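**Q** I'm passing along query36.txt; it holds compact mmCIF, C-alpha atoms and all ligand atoms.
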# COMPACT_ATOMS: atom_id res chain seq x y z
CA MET A 735 -70.70 -26.81 218.95
CA LYS A 736 -69.18 -23.50 217.90
CA TYR A 737 -67.96 -22.94 221.45
CA ARG A 738 -65.82 -25.99 221.28
CA LEU A 739 -62.79 -24.18 219.88
CA LEU A 740 -63.22 -21.39 222.38
CA TRP A 741 -63.28 -23.92 225.18
CA SER A 742 -60.13 -25.61 224.06
CA VAL A 743 -58.40 -22.23 223.92
CA VAL A 744 -59.61 -21.35 227.41
CA LEU A 745 -58.57 -24.72 228.77
CA SER A 746 -55.13 -24.51 227.21
CA VAL A 747 -54.58 -21.09 228.67
CA LEU A 748 -55.74 -22.26 232.08
CA PHE A 749 -53.87 -25.52 232.24
CA VAL A 750 -50.96 -25.44 229.84
CA PHE A 751 -49.50 -22.02 230.55
CA PRO A 752 -49.11 -22.30 234.31
CA VAL A 753 -47.22 -25.57 233.78
CA ILE A 754 -44.81 -23.92 231.37
CA ALA A 755 -44.43 -20.88 233.59
CA ALA A 756 -43.80 -23.13 236.60
CA GLU A 757 -40.88 -25.01 235.03
CA PRO A 758 -38.12 -24.33 237.54
CA SER A 759 -35.03 -22.54 236.35
CA ARG A 760 -31.50 -23.02 237.61
CA THR A 761 -31.74 -19.54 239.08
CA GLU A 762 -34.69 -20.66 241.15
CA PHE A 763 -32.78 -23.74 242.27
CA ASP A 764 -29.83 -21.59 243.35
CA ALA A 765 -32.22 -19.29 245.20
CA VAL A 766 -33.86 -22.17 247.07
CA VAL A 767 -30.47 -23.55 248.09
CA ALA A 768 -29.26 -20.12 249.18
CA GLU A 769 -32.44 -19.42 251.11
CA ARG A 770 -33.26 -22.83 252.56
CA CYS A 771 -30.08 -24.84 252.84
CA VAL A 772 -26.85 -22.89 253.27
CA ARG A 773 -27.68 -21.53 256.68
CA CYS A 774 -26.87 -24.98 258.05
CA HIS A 775 -24.15 -26.28 255.74
CA PRO A 776 -22.30 -25.24 252.61
CA ARG A 777 -23.67 -25.86 249.18
CA GLU A 778 -20.81 -28.27 248.40
CA ARG A 779 -22.55 -30.79 250.57
CA ILE A 780 -25.62 -30.64 248.36
CA ASP A 781 -23.65 -30.73 245.10
CA ALA A 782 -21.76 -33.76 246.39
CA ALA A 783 -25.01 -35.56 247.23
CA ILE A 784 -26.41 -34.81 243.77
CA SER A 785 -23.23 -36.13 242.15
CA ARG A 786 -23.46 -39.31 244.22
CA GLY A 787 -27.05 -39.71 243.08
CA ASP A 788 -28.52 -39.62 246.58
CA ASN A 789 -32.29 -39.69 246.81
CA TRP A 790 -33.88 -36.24 247.21
CA ALA A 791 -37.01 -37.51 248.95
CA GLU A 792 -34.89 -39.12 251.66
CA ILE A 793 -32.60 -36.11 252.05
CA GLU A 794 -35.68 -33.90 252.31
CA LYS A 795 -37.18 -36.01 255.10
CA LYS A 796 -33.86 -35.92 256.92
CA MET A 797 -33.48 -32.14 256.56
CA LEU A 798 -37.05 -31.59 257.75
CA ARG A 799 -36.20 -33.56 260.87
CA PHE A 800 -33.22 -31.24 261.43
CA GLY A 801 -35.65 -28.34 261.27
CA ALA A 802 -35.26 -27.17 257.67
CA VAL A 803 -38.10 -25.14 256.18
CA ILE A 804 -38.98 -26.58 252.76
CA ASN A 805 -42.30 -25.66 251.18
CA PRO A 806 -43.90 -27.74 248.39
CA ARG A 807 -42.55 -25.45 245.66
CA ASP A 808 -39.00 -25.62 247.09
CA SER A 809 -39.34 -29.37 247.16
CA GLU A 810 -40.46 -29.50 243.53
CA VAL A 811 -37.64 -27.24 242.39
CA MET A 812 -35.08 -29.31 244.29
CA GLY A 813 -36.52 -32.53 242.89
CA VAL A 814 -36.29 -31.33 239.29
CA PHE A 815 -32.67 -30.21 239.61
CA TRP A 816 -31.58 -33.05 241.83
CA LYS A 817 -31.77 -35.36 238.84
CA LYS A 818 -29.62 -33.11 236.68
CA PRO A 819 -25.84 -33.18 236.87
CA VAL A 820 -24.25 -30.37 238.81
CA GLN A 821 -22.74 -27.82 236.47
CA PRO A 822 -19.32 -26.43 237.20
CA ARG A 823 -19.35 -23.06 238.93
CA GLY A 824 -19.62 -20.01 236.77
CA LYS A 825 -21.60 -21.67 233.99
C1 LIG B 901 -31.75 -26.84 260.09
C2 LIG B 901 -30.47 -27.10 259.48
C3 LIG B 901 -30.45 -27.67 258.08
C4 LIG B 901 -31.04 -27.15 256.95
C5 LIG B 901 -31.90 -25.88 256.84
C6 LIG B 901 -30.67 -28.02 255.87
N1 LIG B 901 -29.87 -29.02 256.31
FE1 LIG B 901 -28.94 -30.45 255.19
N2 LIG B 901 -28.00 -31.16 256.81
C7 LIG B 901 -28.15 -30.69 258.11
C8 LIG B 901 -27.30 -31.46 258.99
C9 LIG B 901 -27.22 -31.27 260.51
C10 LIG B 901 -26.61 -32.38 258.18
C11 LIG B 901 -25.58 -33.41 258.62
C12 LIG B 901 -26.26 -34.70 258.85
C13 LIG B 901 -25.27 -35.78 259.09
O1 LIG B 901 -24.06 -35.51 259.09
O2 LIG B 901 -25.75 -36.89 259.25
C14 LIG B 901 -27.06 -32.16 256.83
C15 LIG B 901 -26.60 -32.88 255.74
C16 LIG B 901 -27.03 -32.73 254.46
C17 LIG B 901 -26.61 -33.50 253.33
C18 LIG B 901 -25.54 -34.59 253.34
C19 LIG B 901 -26.10 -35.94 253.10
C20 LIG B 901 -26.67 -36.58 254.31
O3 LIG B 901 -27.54 -37.46 254.13
O4 LIG B 901 -26.22 -36.29 255.44
C21 LIG B 901 -27.30 -33.06 252.24
C22 LIG B 901 -27.23 -33.56 250.83
C23 LIG B 901 -28.16 -32.00 252.70
N3 LIG B 901 -27.97 -31.80 254.04
C24 LIG B 901 -29.02 -31.30 251.87
C25 LIG B 901 -29.80 -30.22 252.29
C26 LIG B 901 -30.62 -29.43 251.40
C27 LIG B 901 -30.79 -29.69 249.92
C28 LIG B 901 -31.19 -28.45 252.16
C29 LIG B 901 -32.14 -27.35 251.69
C30 LIG B 901 -33.33 -27.74 251.01
C31 LIG B 901 -30.73 -28.63 253.51
N4 LIG B 901 -29.89 -29.71 253.55
C32 LIG B 901 -31.09 -27.81 254.57
C33 LIG B 901 -28.96 -29.65 258.50
C34 LIG B 901 -29.71 -28.85 257.67
Would you write out, as structure tokens, the structure that this file holds?
**A**
Amino acid sequence: MKYRLLWSVVLSVLFVFPVIAAEPSRTEFDAVVAERCVRCHPRERIDAAISRGDNWAEIEKKMLRFGAVINPRDSEVMGVFWKKPVQPRGK
């Protein structure tokens, strides 16, 4: 019974912290785009698709068919930011 508190602390550290740490930042989004996408087309194309509200899952499938390299983390980062409005440059 006295280990109960200890266990909840251990479990929070194990499960809660990695989730917080893994929350993608805009910097990471920019890095994924720079690394994975702009070798084939400019970033404007991506920003335009986000503004139109295009579906990321479909774009991803399409890009993979073109030969893009997108790992699960890239996909997650893209998915998180895809839903957010594109911020003007320099912000
Ligand atoms: C191997 C080359 C390649 C890579 C890498 C690539 N794309 Fe594309 N992408 C294309 C081509 C080719 C088109 C044009 C398709 C067309 O005109 O139908 C395109 C078009 C698009 C479009 C326009 C919308 C559409 O449906 O045509 C979006 C958005 C897009 N890419 C997003 C991305 C994102 C995001 C990444 C990175 C995760 C990425 N692409 C990486 C080749 C690539």
**Q** For range 760-766 of chain A, find every residue with an atom within 12 Å (counting all atoms listed in the file), except residues of its own chain fewer than 6 positions away, and show them as a list in words.
**A**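 These residues fall inside the cut-off: Val772, Arg773, Arg777, Ile780, Asp781, Ala802, Val803, Ile804, Asn805, Pro806, Arg807, Asp808, Ser809, Glu810, Val811, Met812, Gly813, Val814, Phe815, Trp816, Lys818, Pro819, Val820, Gln821, Arg823 and Lys825 of chain A.
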**Q** Restricting it to C-alpha atoms, dump the selection as an mmCIF file, in the coordinates of the input.
**A**
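Generated file (again.cif):
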data_model
loop_
_atom_site.group_PDB
_atom_site.id
_atom_site.type_symbol
_atom_site.label_atom_id
_atom_site.label_comp_id
_atom_site.auth_asym_id
_atom_site.auth_seq_id
_atom_site.Cartn_x
_atom_site.Cartn_y
_atom_site.Cartn_z
ATOM 1 C CA VAL A 772 -26.850 -22.890 253.270
ATOM 2 C CA ARG A 773 -27.680 -21.530 256.680
ATOM 3 C CA ARG A 777 -23.670 -25.860 249.180
ATOM 4 C CA ILE A 780 -25.620 -30.640 248.360
ATOM 5 C CA ASP A 781 -23.650 -30.730 245.100
ATOM 6 C CA ALA A 802 -35.260 -27.170 257.670
ATOM 7 C CA VAL A 803 -38.100 -25.140 256.180
ATOM 8 C CA ILE A 804 -38.980 -26.580 252.760
ATOM 9 C CA ASN A 805 -42.300 -25.660 251.180
ATOM 10 C CA PRO A 806 -43.900 -27.740 248.390
ATOM 11 C CA ARG A 807 -42.550 -25.450 245.660
ATOM 12 C CA ASP A 808 -39.000 -25.620 247.090
ATOM 13 C CA SER A 809 -39.340 -29.370 247.160
ATOM 14 C CA GLU A 810 -40.460 -29.500 243.530
ATOM 15 C CA VAL A 811 -37.640 -27.240 242.390
ATOM 16 C CA MET A 812 -35.080 -29.310 244.290
ATOM 17 C CA GLY A 813 -36.520 -32.530 242.890
ATOM 18 C CA VAL A 814 -36.290 -31.330 239.290
ATOM 19 C CA PHE A 815 -32.670 -30.210 239.610
ATOM 20 C CA TRP A 816 -31.580 -33.050 241.830
ATOM 21 C CA LYS A 818 -29.620 -33.110 236.680
ATOM 22 C CA PRO A 819 -25.840 -33.180 236.870
ATOM 23 C CA VAL A 820 -24.250 -30.370 238.810
ATOM 24 C CA GLN A 821 -22.740 -27.820 236.470
ATOM 25 C CA ARG A 823 -19.350 -23.060 238.930
ATOM 26 C CA LYS A 825 -21.600 -21.670 233.990
#
**Q** Using all atoms listed in the file, which of the listed residues (A:Lys817, A:Arg786, A:His775, A:Lys795) sits closest to ligand LIG 901 (chain B)?
**A**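 For ligand LIG 901 (chain B), the nearest of the candidates is A:His775.
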**Q** Find the residue from A:Ala791, A:Cys771, A:Val744, A:Ala782 that sits nearest to ligand LIG 901 (chain B); use all atoms listed in the file when measuring.
**A** A:Cys771
**Q** Can you pull out every residue with an atom within 6 Å of ligand LIG 901 (chain B)? Use only C-alpha atoms and all ligand atoms and format it as a PyMOL selection string.
**A** chain A and resi 767+770-771+774+779-780+783+793+797+800-802
**Q** One decimal, Å: what's the distance from CA of Glu769 in chain A over to CA of Leu798 in chain A, could you say?
**A**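 These two atoms are separated by 14.6 Å.
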**Q** Expressed in Å to a single decimal, how great is the separation between CA of Glu778 in chain A and CA of Trp790 in chain A?
**A**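 Interatomic distance, CA of Glu778 in chain A to CA of Trp790 in chain A: 15.4 Å.
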**Q** One number please: CA of Glu794 in chain A to CA of Ser759 in chain A, in Å, one decimal.
**A**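 Pair CA of Glu794 in chain A / CA of Ser759 in chain A returns 19.6 Å.
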